[in-house]
Structures are given as C-alpha cells and as structure tokens.
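The structure file data.cif is reproduced below (mmCIF, C-alpha atoms and all ligand atoms).
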```cif
data_query
#
loop_
_atom_site.label_atom_id
_atom_site.label_comp_id
_atom_site.auth_asym_id
_atom_site.auth_seq_id
_atom_site.Cartn_x
_atom_site.Cartn_y
_atom_site.Cartn_z
CA MET M 1 120.00 91.46 73.64
CA LYS M 2 117.43 92.56 71.04
CA CYS M 3 114.78 90.60 69.14
CA ARG M 4 115.94 89.80 65.62
CA ARG M 5 112.51 90.58 64.15
CA CYS M 6 111.28 93.63 66.06
CA ARG M 7 114.27 94.94 68.07
CA ARG M 8 112.40 94.81 71.38
CA PRO M 9 114.18 93.17 74.36
CA ALA M 10 114.75 89.46 73.70
CA VAL M 11 113.77 86.67 76.10
CA VAL M 12 115.13 83.63 74.22
CA GLU M 13 118.41 83.20 72.41
CA VAL M 14 118.72 80.60 69.63
CA ARG M 15 122.44 80.31 69.14
CA ARG M 16 122.45 77.99 66.16
CA HIS M 17 120.50 80.65 64.25
CA ASN M 18 122.62 83.35 65.81
CA ALA M 19 119.36 85.01 66.81
CA ALA M 20 117.32 86.11 69.80
CA PHE M 21 113.58 86.76 70.02
CA CYS M 22 111.01 88.55 72.15
CA ARG M 23 108.06 86.48 73.36
CA PRO M 24 105.61 87.05 70.44
CA CYS M 25 108.34 86.70 67.81
CA PHE M 26 109.70 83.54 69.44
CA LEU M 27 106.26 81.91 69.49
CA HIS M 28 105.88 82.90 65.84
CA HIS M 29 109.34 81.47 65.05
CA VAL M 30 108.48 78.07 66.59
CA ARG M 31 105.09 77.89 64.90
CA GLU M 32 106.69 78.69 61.57
CA GLN M 33 109.29 75.94 61.94
CA VAL M 34 106.56 73.43 62.72
CA ARG M 35 104.26 74.70 59.98
CA ARG M 36 107.08 74.40 57.45
CA ALA M 37 108.13 70.95 58.66
CA ILE M 38 104.55 69.75 58.24
CA ALA M 39 104.22 71.28 54.78
CA ARG M 40 107.62 70.12 53.51
CA HIS M 41 107.05 66.45 54.31
CA ASP M 42 103.28 66.42 54.07
CA LEU M 43 103.19 65.22 57.68
CA ILE M 44 99.55 66.09 58.36
CA ARG M 45 96.76 66.94 55.96
CA PRO M 46 94.20 69.54 57.02
CA GLU M 47 91.38 66.99 57.30
CA ASP M 48 93.42 64.44 59.30
CA ARG M 49 92.42 63.35 62.79
CA VAL M 50 95.64 63.47 64.81
CA LEU M 51 96.47 61.53 67.97
CA VAL M 52 99.25 63.20 69.97
CA ALA M 53 101.29 60.92 72.24
CA VAL M 54 101.30 62.93 75.47
CA SER M 55 103.75 62.15 78.26
CA GLY M 56 103.17 65.26 80.37
CA GLY M 57 106.63 66.58 79.51
CA LYS M 58 107.41 69.81 77.68
CA ASP M 59 107.77 68.38 74.18
CA SER M 60 104.51 66.49 73.88
CA LEU M 61 102.46 69.27 75.49
CA ALA M 62 104.15 71.93 73.34
CA LEU M 63 103.41 69.79 70.30
CA TRP M 64 99.75 69.36 71.22
CA ASP M 65 99.45 73.11 71.79
CA LEU M 66 101.16 73.90 68.48
CA LEU M 67 98.95 71.54 66.47
CA LEU M 68 95.82 73.03 68.03
CA GLU M 69 97.16 76.55 67.35
CA LEU M 70 97.80 75.60 63.74
CA GLY M 71 94.17 74.51 63.47
CA TYR M 72 94.47 70.71 63.44
CA GLU M 73 91.97 68.38 65.04
CA ALA M 74 94.22 66.79 67.64
CA ASP M 75 93.33 64.53 70.57
CA GLY M 76 95.89 63.41 73.15
CA LEU M 77 96.76 59.91 74.27
CA TYR M 78 98.18 59.42 77.73
CA LEU M 79 99.65 56.06 78.66
CA GLY M 80 99.86 55.34 82.41
CA LEU M 81 103.22 53.63 82.94
CA GLY M 82 102.77 53.04 86.67
CA ILE M 83 105.98 54.85 87.68
CA GLY M 84 104.81 56.10 91.10
CA GLU M 85 104.63 59.83 91.76
CA TYR M 86 106.13 60.62 88.38
CA SER M 87 103.29 58.93 86.50
CA ALA M 88 100.67 60.41 88.83
CA ARG M 89 101.92 63.93 88.19
CA SER M 90 102.30 63.32 84.43
CA GLY M 91 98.70 62.20 84.20
CA GLU M 92 97.56 65.27 86.12
CA VAL M 93 99.26 67.80 83.87
CA ALA M 94 98.05 66.00 80.74
CA ARG M 95 94.46 66.11 82.04
CA ALA M 96 94.78 69.73 83.11
CA PHE M 97 96.03 70.71 79.65
CA ALA M 98 93.16 68.87 77.93
CA ARG M 99 90.64 70.57 80.22
CA SER M 100 92.11 74.03 79.67
CA ARG M 101 91.89 73.66 75.87
CA GLY M 102 88.58 71.78 75.86
CA VAL M 103 90.07 68.85 73.95
CA THR M 104 89.92 65.07 74.36
CA LEU M 105 92.53 63.06 76.23
CA VAL M 106 92.35 59.31 75.64
CA GLU M 107 93.84 57.38 78.56
CA VAL M 108 95.26 53.87 78.64
CA ASP M 109 96.68 52.32 81.79
CA LEU M 110 99.37 49.72 81.12
CA ALA M 111 98.72 47.74 84.31
CA ARG M 112 94.95 47.73 83.86
CA GLU M 113 94.96 46.87 80.15
CA TYR M 114 97.99 44.63 79.89
CA GLY M 115 98.67 43.38 83.40
CA PHE M 116 102.10 44.91 84.11
CA ASP M 117 103.67 48.28 84.85
CA VAL M 118 107.04 49.61 83.69
CA PRO M 119 109.00 49.19 86.95
CA THR M 120 107.92 45.53 87.17
CA ALA M 121 108.78 44.94 83.53
CA GLY M 122 112.24 46.41 84.12
CA ARG M 123 112.85 44.08 87.07
CA ARG M 124 111.49 40.89 85.55
CA GLY M 125 112.18 40.98 81.83
CA SER M 126 115.43 40.67 79.92
CA ARG M 127 115.17 44.15 78.39
CA SER M 128 116.24 47.36 80.07
CA THR M 129 113.44 49.36 81.68
CA CYS M 130 113.59 52.07 79.03
CA ALA M 131 113.60 49.55 76.20
CA VAL M 132 110.44 47.82 77.40
CA CYS M 133 108.86 51.18 78.22
CA GLY M 134 109.56 52.52 74.72
CA LEU M 135 108.31 49.30 73.17
CA SER M 136 105.07 49.48 75.18
CA LYS M 137 104.49 53.11 74.24
CA ARG M 138 104.89 52.49 70.52
CA TYR M 139 102.68 49.43 70.68
CA VAL M 140 99.88 51.06 72.66
CA PHE M 141 99.94 54.30 70.63
CA ASN M 142 99.62 52.41 67.38
CA ARG M 143 96.85 50.19 68.65
CA ALA M 144 94.90 53.06 70.19
CA ALA M 145 95.22 55.06 66.97
CA LEU M 146 93.99 52.13 64.87
CA GLU M 147 91.08 51.46 67.18
CA GLY M 148 90.16 55.14 67.45
CA GLY M 149 90.25 55.63 63.68
CA TYR M 150 93.00 58.28 63.75
CA ASP M 151 94.89 59.12 60.55
CA VAL M 152 98.19 59.98 62.14
CA ILE M 153 100.14 59.66 65.41
CA ALA M 154 102.25 62.69 66.31
CA THR M 155 105.11 62.39 68.80
CA GLY M 156 107.11 65.16 70.44
CA HIS M 157 110.60 64.05 69.34
CA ASN M 158 112.69 67.19 69.02
CA LEU M 159 115.93 67.98 67.22
CA ASP M 160 118.04 66.91 70.19
CA ASP M 161 116.19 63.59 70.56
CA GLU M 162 116.59 62.80 66.90
CA ALA M 163 120.24 63.82 66.74
CA ALA M 164 121.02 61.69 69.81
CA THR M 165 119.21 58.68 68.35
CA LEU M 166 121.05 59.11 65.06
CA LEU M 167 124.37 59.31 66.89
CA GLY M 168 123.59 56.12 68.82
CA ASN M 169 122.53 54.25 65.69
CA THR M 170 125.56 55.49 63.77
CA LEU M 171 128.02 54.52 66.50
CA ARG M 172 126.68 50.98 66.26
CA TRP M 173 125.97 51.15 62.51
CA GLN M 174 122.43 49.99 63.04
CA THR M 175 121.55 50.60 59.46
CA GLU M 176 118.05 49.14 59.72
CA TYR M 177 117.18 51.64 62.41
CA MET M 178 118.89 54.44 60.53
CA ALA M 179 116.67 53.62 57.56
CA ARG M 180 113.63 54.22 59.72
CA GLN M 181 114.82 57.51 61.17
CA SER M 182 112.55 59.96 59.43
CA PRO M 183 110.09 62.66 60.45
CA LEU M 184 107.51 60.66 58.54
CA LEU M 185 106.77 56.95 58.65
CA PRO M 186 103.94 56.35 56.19
CA SER M 187 101.04 54.12 57.15
CA GLU M 188 101.32 50.41 56.35
CA PRO M 189 98.74 47.70 56.82
CA GLY M 190 98.41 47.49 60.62
CA PHE M 191 100.46 50.64 61.27
CA VAL M 192 99.13 54.15 61.52
CA LYS M 193 101.23 56.92 59.93
CA LYS M 194 103.70 58.42 62.42
CA VAL M 195 105.08 61.93 62.33
CA LYS M 196 107.53 64.05 64.33
CA PRO M 197 106.60 67.68 63.64
CA LEU M 198 109.18 69.02 66.16
CA TYR M 199 112.21 67.43 64.52
CA ARG M 200 113.61 70.86 63.58
CA VAL M 201 112.93 72.44 66.97
CA SER M 202 115.60 72.12 69.65
CA GLU M 203 114.97 71.00 73.18
CA LEU M 204 115.71 74.50 74.47
CA GLU M 205 113.11 75.88 72.05
CA THR M 206 110.36 73.43 73.01
CA ALA M 207 111.00 74.13 76.70
CA ALA M 208 110.94 77.90 76.16
CA TYR M 209 107.82 77.57 74.03
CA ALA M 210 105.99 75.55 76.70
CA PHE M 211 107.07 78.00 79.38
CA LEU M 212 106.08 81.10 77.42
CA ARG M 213 102.70 79.58 76.59
CA GLY M 214 102.08 79.05 80.31
CA ILE M 215 101.90 75.27 79.94
CA ASP M 216 102.36 73.41 83.21
CA TYR M 217 104.55 70.42 82.40
CA VAL M 218 106.50 67.86 84.42
CA VAL M 219 110.02 69.21 84.88
CA GLU M 220 111.15 66.24 86.97
CA GLU M 221 112.86 63.41 85.14
CA CYS M 222 111.48 59.92 85.19
CA PRO M 223 113.19 58.27 88.19
CA LEU M 224 114.14 55.28 86.02
CA VAL M 225 116.12 57.36 83.53
CA ALA M 226 119.53 56.78 85.16
CA GLY M 227 121.85 54.97 82.81
CA ASN M 228 119.70 55.72 79.78
CA THR M 229 122.08 55.64 76.83
CA GLN M 230 120.05 58.26 74.94
CA LEU M 231 120.98 60.74 77.66
CA ARG M 232 124.69 60.06 77.22
CA TYR M 233 124.46 60.70 73.50
CA LYS M 234 122.64 63.94 74.18
CA GLN M 235 125.35 65.09 76.54
CA ALA M 236 128.02 64.26 73.97
CA MET M 237 126.14 66.21 71.30
CA ASN M 238 125.71 69.15 73.64
CA GLN M 239 129.46 69.36 74.14
CA LEU M 240 130.01 69.52 70.40
CA GLU M 241 127.20 72.05 70.07
CA GLN M 242 128.67 74.29 72.73
CA ALA M 243 131.97 74.47 70.86
CA SER M 244 130.28 75.04 67.50
CA PRO M 245 126.60 75.94 67.54
CA GLY M 246 124.65 74.31 64.72
CA THR M 247 126.47 70.95 64.85
CA LYS M 248 123.40 69.01 65.95
CA ALA M 249 121.18 70.46 63.26
CA GLN M 250 123.83 69.83 60.58
CA PHE M 251 124.26 66.24 61.73
CA LEU M 252 120.54 65.43 61.73
CA LEU M 253 119.25 67.56 58.86
CA GLY M 254 122.26 66.71 56.70
CA TYR M 255 121.57 63.03 57.30
CA LEU M 256 117.92 63.39 56.35
CA GLU M 257 118.73 65.39 53.24
CA ARG M 258 121.74 63.59 51.90
CA ALA M 259 122.28 60.23 53.56
CA ALA M 260 118.97 58.71 54.67
CA ALA M 261 118.06 57.54 51.18
CA LEU M 262 121.25 55.46 51.07
CA PHE M 263 120.00 53.33 53.94
CA ALA M 264 116.47 52.77 52.70
CA ALA M 265 117.40 49.38 51.22
CA GLU M 266 118.46 48.19 54.68
CA ASP M 267 114.90 48.04 55.79
CA ARG M 268 113.51 44.80 54.51
CA SER M 269 111.46 43.20 57.23
CA GLU M 270 108.55 41.11 56.02
CA LEU M 271 105.60 41.37 58.33
CA ARG M 272 102.69 39.13 59.22
CA PRO M 273 100.08 39.28 62.01
CA CYS M 274 101.23 38.44 65.56
CA GLU M 275 99.64 35.16 66.60
CA ARG M 276 98.71 36.64 69.95
CA CYS M 277 97.43 40.15 69.21
CA GLY M 278 97.25 40.53 65.43
CA GLN M 279 99.69 43.44 65.16
CA PRO M 280 102.18 43.07 62.29
CA THR M 281 105.53 41.48 63.15
CA PRO M 282 108.42 39.75 61.36
CA GLY M 283 108.17 36.76 63.73
CA ARG M 284 105.32 34.64 65.07
CA PHE M 285 104.71 36.90 68.04
CA CYS M 286 105.31 40.64 68.18
CA ALA M 287 107.99 42.09 70.45
CA PHE M 288 105.38 43.55 72.79
CA CYS M 289 103.60 40.23 73.28
CA ARG M 290 106.92 38.49 73.87
CA ALA M 291 108.04 41.10 76.39
CA ARG M 292 104.68 40.93 78.13
CA ALA M 293 104.68 37.12 78.30
CA GLN M 294 108.15 37.22 79.80
CA VAL M 295 107.12 39.75 82.46
CA LEU M 296 103.95 37.83 83.33
CA GLY M 297 105.84 34.52 83.40
CA GLU M 298 103.92 33.02 80.47
CA ARG M 299 105.46 30.94 77.74
CA LEU M 300 105.37 31.79 74.07
CA GLU M 301 107.22 29.76 71.43
CA PRO M 302 110.99 30.28 71.26
CA VAL M 303 112.16 33.08 69.02
CA THR M 304 114.72 33.09 66.22
CA ASP M 305 118.29 34.28 66.65
CA ARG M 306 117.52 37.31 64.53
CA GLU M 307 114.73 38.38 66.87
CA LEU M 308 116.97 37.88 69.88
CA ALA M 309 119.64 40.03 68.24
CA HIS M 310 117.07 42.79 67.81
CA GLU M 311 116.13 42.64 71.44
CA SER M 312 119.64 42.84 72.78
CA SER M 313 120.01 46.32 71.29
CA GLU M 314 118.27 48.90 73.37
CA GLU M 315 116.58 52.24 72.80
CA VAL M 316 116.05 51.41 69.18
CA LEU M 317 112.94 51.19 67.10
CA PRO M 318 111.76 47.61 66.92
CA ALA M 319 110.84 46.68 63.38
CA GLU M 320 107.73 45.01 64.71
CA VAL M 321 106.35 48.25 65.94
CA TYR M 322 107.50 50.72 63.36
CA GLY M 323 106.98 48.58 60.32
CA PRO M 324 108.96 48.80 57.10
CA ALA M 325 110.38 52.24 56.52
CA ALA M 326 110.01 53.75 53.12
CA VAL M 327 112.04 56.84 53.97
CA GLY M 328 109.25 59.08 52.86
CA GLY M 329 110.14 61.40 50.01
CA ARG M 330 113.22 63.54 50.06
CA PRO M 331 113.36 65.39 53.38
CA SER M 332 113.93 69.12 53.08
CA MET S 1 120.55 85.92 95.41
CA LYS S 2 118.55 82.71 95.81
CA VAL S 3 118.95 80.21 93.01
CA ARG S 4 116.71 77.18 92.73
CA LEU S 5 118.11 74.30 90.69
CA ARG S 6 115.99 71.39 89.53
CA ASN S 7 116.56 67.66 88.98
CA PRO S 8 117.38 67.20 91.77
CA ASP S 9 115.74 70.15 93.52
CA ARG S 10 118.13 72.29 95.57
CA GLU S 11 118.65 75.92 96.50
CA LEU S 12 121.88 77.92 96.47
CA ASP S 13 122.86 81.38 97.68
CA LEU S 14 124.97 83.14 95.05
CA ALA S 15 126.22 86.66 94.48
CA GLY S 16 124.11 88.91 92.23
CA GLY S 17 125.35 92.09 90.55
CA ARG S 18 126.42 90.34 87.34
CA ARG S 19 125.08 88.78 84.18
CA VAL S 20 123.26 85.44 83.90
CA ARG S 21 126.17 84.26 81.78
CA GLU S 22 128.56 84.63 84.72
CA VAL S 23 126.23 82.85 87.11
CA LEU S 24 126.00 79.90 84.70
CA ILE S 25 129.77 79.80 84.28
CA GLU S 26 130.20 79.67 88.06
CA LEU S 27 127.79 76.72 88.16
CA GLY S 28 129.42 75.03 85.17
CA ILE S 29 126.13 75.01 83.24
CA ASP S 30 125.89 75.14 79.44
CA PRO S 31 123.41 78.01 78.75
CA ASP S 32 121.79 76.02 75.93
CA THR S 33 120.64 73.35 78.36
CA VAL S 34 118.60 75.45 80.80
CA LEU S 35 115.84 78.02 81.09
CA VAL S 36 116.68 80.82 83.51
CA ILE S 37 113.52 82.18 85.09
CA ARG S 38 112.94 85.27 87.27
CA ASP S 39 109.45 86.36 88.36
CA GLY S 40 107.81 84.27 85.67
CA GLU S 41 110.02 85.72 82.91
CA LEU S 42 112.77 84.08 80.87
CA LEU S 43 116.21 85.70 81.01
CA THR S 44 118.86 85.63 78.30
CA ARG S 45 122.53 85.21 79.16
CA GLU S 46 123.11 88.94 78.85
CA GLU S 47 120.51 89.89 81.46
CA ARG S 48 121.78 91.36 84.76
CA VAL S 49 120.68 89.87 88.05
CA SER S 50 120.87 91.45 91.49
CA ASP S 51 121.38 90.27 95.06
CA ASP S 52 117.70 90.27 95.93
CA ASP S 53 116.57 88.30 92.87
CA ARG S 54 115.20 84.78 93.05
CA LEU S 55 116.14 82.66 90.05
CA GLU S 56 115.05 79.26 88.89
CA ILE S 57 117.46 77.35 86.65
CA ARG S 58 115.48 74.66 84.93
CA PRO S 59 117.13 71.98 82.76
CA VAL S 60 115.59 71.33 79.36
CA ILE S 61 117.16 67.94 78.69
CA SER S 62 114.92 64.95 78.96
CA GLY S 63 116.35 61.52 78.58
CA GLY S 64 113.73 58.87 77.99
CA ALA S 65 113.18 56.94 74.83
CA ALA S 66 109.95 58.66 73.88
S1 LIG R 401 113.05 57.27 81.24
FE1 LIG R 401 112.79 55.18 80.50
S2 LIG R 401 111.29 54.27 81.89
FE2 LIG R 401 111.18 56.47 82.22
S3 LIG R 401 109.50 57.13 80.87
FE3 LIG R 401 111.41 57.36 79.71
S4 LIG R 401 111.64 55.44 78.57
FE4 LIG R 401 110.11 55.10 80.20
ZN ZN R 402 110.18 90.57 68.47
ZN ZN R 403 101.41 40.79 69.63
#
```

Would you mind writing the file out in structure tokens?
Ligand code: SF4
Ligand SMILES: [Zn+2]
Ligand SMILES: [Zn+2]
Amino acid sequence: MKCRRCRRPAVVEVRRHNAAFCRPCFLHHVREQVRRAIARHDLIRPEDRVLVAVSGGKDSLALWDLLLELGYEADGLYLGLGIGEYSARSGEVARAFARSRGVTLVEVDLAREYGFDVPTAGRRGSRSTCAVCGLSKRYVFNRAALEGGYDVIATGHNLDDEAATLLGNTLRWQTEYMARQSPLLPSEPGFVKKVKPLYRVSELETAAYAFLRGIDYVVEECPLVAGNTQLRYKQAMNQLEQASPGTKAQFLLGYLERAAALFAAEDRSELRPCERCGQPTPGRFCAFCRARAQVLGERLEPVTDRELAHESSEEVLPAEVYGPAAVGGRPS
Amino acid sequence: MKVRLRNPDRELDLAGGRRVREVLIELGIDPDTVLVIRDGELLTREERVSDDDRLEIRPVISGGAA
C-alpha cells in the first residue's frame, strides 16, 4: 500500500477517504483536518488561552499535542476520578506528557475537592456511574476554566464519539440534546466556550496519531465502562461503517451541515445561578450539586418533574452544564 | 507468531506467512477498530507477517462519556 501524497510505503489506511499515508503525510493530514475544523468554525482564536480536558487517553493527549503543534497556548486539566489503578495510571501519563512538552497541567481531585469519587457516586446515587462521571467532568472543567481565566475548553471528542452520541440522541429523539450537539458551544454568562477540534478525525486516526507521535497513553479501558450505552452505539455504527465506509462521517457531518439548525429552537432552557455553587442552572440547584448531595447523603430541596426527567436519561449533556445552545454558525 | 491482544490483555500463537488482513479475519476483528503494531511500527492490512514476528493488536475504541 502506497502513500496517497508521496507514494512511499503507507503505515495508516483511512478507508472513508479511500486513502493511505506514510508517517509524515499522515501527521500532516491530521493536523490539516484539525486546522481546518478550527478555522471553519472559529473554534479558537490565536490569542486564546486554551484549557484541554485531559483524561490520559489517546484522544485528549493527541488533541493537546495537536494544539501545541499548531501554536496555541494550551494548558491541560486532569480530573482525578478515584477509579483505582486506572486513575493512577491516567494521572501518570498526563503528567509525563506535560513534563515532556514543558507545559502546565492543572490537577483537580474529585474526592479532595468535592468529597466523593466516581465509584462511590455510582454505588450511592440514582444516576449510572458514567452519567455522574460525565456530569462531574463537565462541571469541574467549566469551573476550573472560569477560575483560571481561560477563553476556551477543548475536549477530545472524535468523529466516532460524536456520531455515536448523535445516534443515541436520535434513537430517543432527544431534540434538546441534539440542538446542543455542535463542535462549538459559545460562551454564555457562567459558561466558558467549549470546542471539539477533533470532531472530523476518526478514532482510528487519533489513535494512530498518538502512536506515531510517540505519546504514551492509557490503552486500558476504564473498568466501569461495562454497559455504557455509548459503546453499544459505537459498535452499531462500526458495523454500518464496515459495510460502507464513510457512513459515520456522512451521518455526523450531514447532520451538522443540514439538520442541526432545525433543532436549535428546541433549546430553550432559562438559567439562573445555583443556590449552592453559583453555576448557572434551570432549577434551584445545579445537577452537579444535586448529584453530590445525594451521594454525600445531604438534603437539597425537592426537584421538579422536568429536572427528574432530565436525570433519568443517561450519557446526555445536562442543560445545566452545557448552557443554552446557539448552534454556532453554519457548520462546514 | 506471537500476538498480543489488549483489553483484556492476552497472548495468542498464530500462523504467520500471510497478510495482516487474514490474521484479523481469523480473529474476527474489524481492521478499522485496531492498530496493528510490529517492532514499534504500524502495519496496514496489506502488510505481510511471518512466523517469528511479534504483533500487538490494540483496540482504538474507547467507551466513556468524555
Ligand atoms: S467509562 Fe464511565 S466511569 Fe469510566 S471514565 Fe468514562 S464516563 Fe467515567
Ligand atoms: Zn507520504
Ligand atoms: Zn451547583
């Protein structure tokens, strides 16, 4: 197999582009996709201070590396979830990466700062482990970015992640969440701008990129992942992709280009400050504070039916954390 | 040929003398969901492997809500 650009022996095949690349051309290809995604949606301005949400996995470390390569001022944020060996190893690789590039890694430990870890929250609360974990991540990232004076939070969501989330939201017609599915969520009072610069890069590509750049990342899965619905949607999409390469990209990018705007009106949450922590929320207390109170056995006021309905759906983006959408501009 | 699979970690002994594609078919693995690594290099599906190679087959799917 030959490199599409230079005809030397290829090391990575990208079937949806019907192409293969040698190492230097592949790295160039990934950087170009990210550079174009950033330019097309105005995800990051050159003078922005970026906070990258770093989990220690391939996507977030590849993203951090790419943003640094593209010349952005990007610090990392690592959130200690307290998931045994897995978290210990994740923290190590995140620190090692920061050291090797001479960049800053901000660290927050969930148990130390907020009094609970993810396994405990999964056992005690009413939400699934992954739901409360995702909720905590979004909450802590936003708060850390606000407090650190960052202009934008970048997360490593790739094409496969986004296509799987869209599939899940579509299967349940969760139009409010669909409205918020965008590579760019503009800043709102109390919410820092959030971007997903890897939304056009597949999971295979981010893994190959991290590997070819010599980035040590955690290959092991989180031990709590079993039963994660996101994973089932990914597997379903992969079957379709295998039969006809390009399906995932068509599904996601077609949605962003032609359908997302139709759902923008679905996003109409009115926000006010959480009475416990001050973060914006549609109710009296934000979802994070309610989840935390439940795990710690504290009592907050009862919630409305609408809030309860939100919580019963898992692996979605709580309005309290993401804020109102504004599906930014016309993607692509 | 020694093949190391990840998540969970395990090692298999498989015949070499064929292409990566055929090895993946034998294992029932979709080539778009793994990196195939030999001596620190990535291999495409068309690459030939031999009996004394050591391969790592590393999944690229991660499942958490990020
Ligand atoms: S798999 Fe679930 S619990 Fe584990 S890190 Fe991902 S979201 Fe958190
Ligand atoms: Zn090339
Ligand atoms: Zn709160």

*Could you report the residues within 12 Å of ligand ZN 402 (chain R), using all atoms listed in the file, as a list in words?*
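Here is the list of contacting residues: Met1, Lys2, Cys3, Arg4, Arg5, Cys6, Arg7, Arg8, Pro9, Ala10, Val11, Val12, Glu13, Ala19, Ala20, Phe21, Cys22, Arg23, Pro24, Cys25, Phe26, Leu27, His28 and His29 of chain M.
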
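Between atom CA of M:Tyr114 and atom CA of M:Asp59 there is a distance of 26.3 Å.
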
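Closest approach to ligand LIG 401 (chain R) among M:Glu221, M:Glu188, M:Asp42, M:Asp65 is made by M:Glu221 (distances from all atoms listed in the file).
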
*Could you please determine the separation between atom CA of S:Glu41 and atom CA of M:Leu212 in Å, to one decimal place?*
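Taking atom CA of S:Glu41 and atom CA of M:Leu212, their separation equals 8.2 Å.
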
Counting all atoms listed in the file, which residues in chain M sit no more than 7 Å from ligand ZN 403 (chain R)? For each one, give the nearest pair of atoms and the distance in Å, sorted by chain then residue number, as CSV.
```
residue,atom,partner,partner_atom,distance
M:Cys274,CA,R:ZN403,ZN,4.7
M:Glu275,CA,R:ZN403,ZN,6.6
M:Arg276,CA,R:ZN403,ZN,5.0
M:Cys277,CA,R:ZN403,ZN,4.1
M:Gly278,CA,R:ZN403,ZN,5.9
M:Gln279,CA,R:ZN403,ZN,5.5
M:Phe285,CA,R:ZN403,ZN,5.3
M:Cys286,CA,R:ZN403,ZN,4.2
M:Ala287,CA,R:ZN403,ZN,6.8
M:Phe288,CA,R:ZN403,ZN,5.8
M:Cys289,CA,R:ZN403,ZN,4.3
```

*Would you list the residues that come within 9 Å of ligand LIG 401 (chain R)? Count all atoms listed in the file and give the answer as a ChimeraX atom specification.*
/M:55,81,83,86-87,118-119,122,128-135,137,221-226,228,315 /S:62-66

*Considering all atoms listed in the file, state which residue in the set S:Val34, S:Val20, S:Val49, S:Leu27 is at the smallest distance from chain M.*
S:Val34

*asked:* Can you pull out the residues contacting M:Asp160? Cut-off 7 Å, using only C-alpha atoms, and skip same-chain residues under 6 positions away; I want them as a PyMOL selection string.
replied: chain M and resi 202-203+234

*asked:* Let me make sure I understand: among S:Arg58, S:Arg6, S:Met1, S:Ala15, which one has the smallest atom-to-atom distance to S:Thr33 if we use all atoms listed in the file?
replied: S:Arg58

*Rank nothing, just name the residue among S:Leu55, S:Val60, S:Leu14, S:Ile37 nearest to chain M, using only C-alpha atoms.*
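Checking each of S:Leu55, S:Val60, S:Leu14, S:Ile37 against chain M, counting only C-alpha atoms, the winner is S:Val60.
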
_Counting all atoms listed in the file, the option among M:Gly149, M:Gly246, M:Pro280, M:Gly168 closest to M:Gly190_ =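 The answer is M:Pro280, which sits nearest to M:Gly190.
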
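Distances from M:Arg292, M:Val14, M:Leu300, M:Val152 to chain S were compared using all atoms listed in the file, and the smallest one belongs to M:Val14.
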
*List the neighbours of M:Gly91 out to 9 Å using all atoms listed in the file; skip same-chain residues closer than 4 positions along the sequence, and give me the result as number ranges by chain.*
M: 55-56, 78-80, 86-87, 95-96, 107

*Between atom CA of M:Leu70 and atom CA of M:Glu162, what is the spacing in Å?*
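Answer for the atom CA of M:Glu162 to atom CA of M:Leu70 separation: 23.0 Å.
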
*Contacts of S:Arg38 at 8 Å or less, counting all atoms listed in the file, minus same-chain residues fewer than 4 places along, as an MDAnalysis selection string?*
chainID S and resid 42:43 53:56

*Within 6 Å of (108.7, 64.8, 74.8), in the coordinates the file gives, what residues turn up when you count all atoms listed in the file, written out as a PyMOL selection string?*
chain M and resi 57-60+156-157

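Using only C-alpha atoms, the contacts of M:Thr104 at a cut-off of 10 Å, with sequence neighbours closer than 5 positions omitted, comprise Leu51, Ala74, Asp75, Gly76, Leu77, Arg95, Phe97, Ala98 and Arg99 of chain M.
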
Axis-aligned box for stretch 157-176 of chain M, 3 Å per side, centre and edges in Å as AutoDock Vina command-line options:
```
--center_x 119.3 --center_y 58.6 --center_z 65.0 --size_x 23.4 --size_y 24.8 --size_z 17.1
```

Can I get stretch 24-37 of chain S with N, CA and C atoms filled in, as a compact mmCIF listing (two decimals), keeping the file's coordinate frame?
```txt
# COMPACT_ATOMS: atom_id res chain seq x y z
N LEU S 24 125.98 81.25 85.29
CA LEU S 24 126.00 79.90 84.70
C LEU S 24 127.42 79.36 84.61
N ILE S 25 128.37 80.24 84.32
CA ILE S 25 129.77 79.80 84.28
C ILE S 25 130.21 79.31 85.66
N GLU S 26 129.83 80.09 86.70
CA GLU S 26 130.20 79.67 88.06
C GLU S 26 129.65 78.27 88.37
N LEU S 27 128.42 78.00 87.87
CA LEU S 27 127.79 76.72 88.16
C LEU S 27 128.21 75.62 87.17
N GLY S 28 128.99 76.01 86.17
CA GLY S 28 129.42 75.03 85.17
C GLY S 28 128.27 74.53 84.30
N ILE S 29 127.30 75.42 84.01
CA ILE S 29 126.13 75.01 83.24
C ILE S 29 126.17 75.59 81.83
N ASP S 30 125.97 74.73 80.84
CA ASP S 30 125.89 75.14 79.44
C ASP S 30 124.56 75.91 79.26
N PRO S 31 124.63 77.20 78.83
CA PRO S 31 123.41 78.01 78.75
C PRO S 31 122.36 77.45 77.79
N ASP S 32 122.77 76.60 76.85
CA ASP S 32 121.79 76.02 75.93
C ASP S 32 121.00 74.87 76.54
N THR S 33 121.32 74.51 77.77
CA THR S 33 120.64 73.35 78.36
C THR S 33 119.68 73.73 79.49
N VAL S 34 119.49 75.03 79.71
CA VAL S 34 118.60 75.45 80.80
C VAL S 34 117.74 76.66 80.42
N LEU S 35 116.60 76.77 81.09
CA LEU S 35 115.84 78.02 81.09
C LEU S 35 116.22 78.73 82.38
N VAL S 36 116.44 80.04 82.30
CA VAL S 36 116.68 80.82 83.51
C VAL S 36 115.47 81.72 83.71
N ILE S 37 114.82 81.56 84.87
CA ILE S 37 113.52 82.18 85.09
C ILE S 37 113.58 83.11 86.30
```
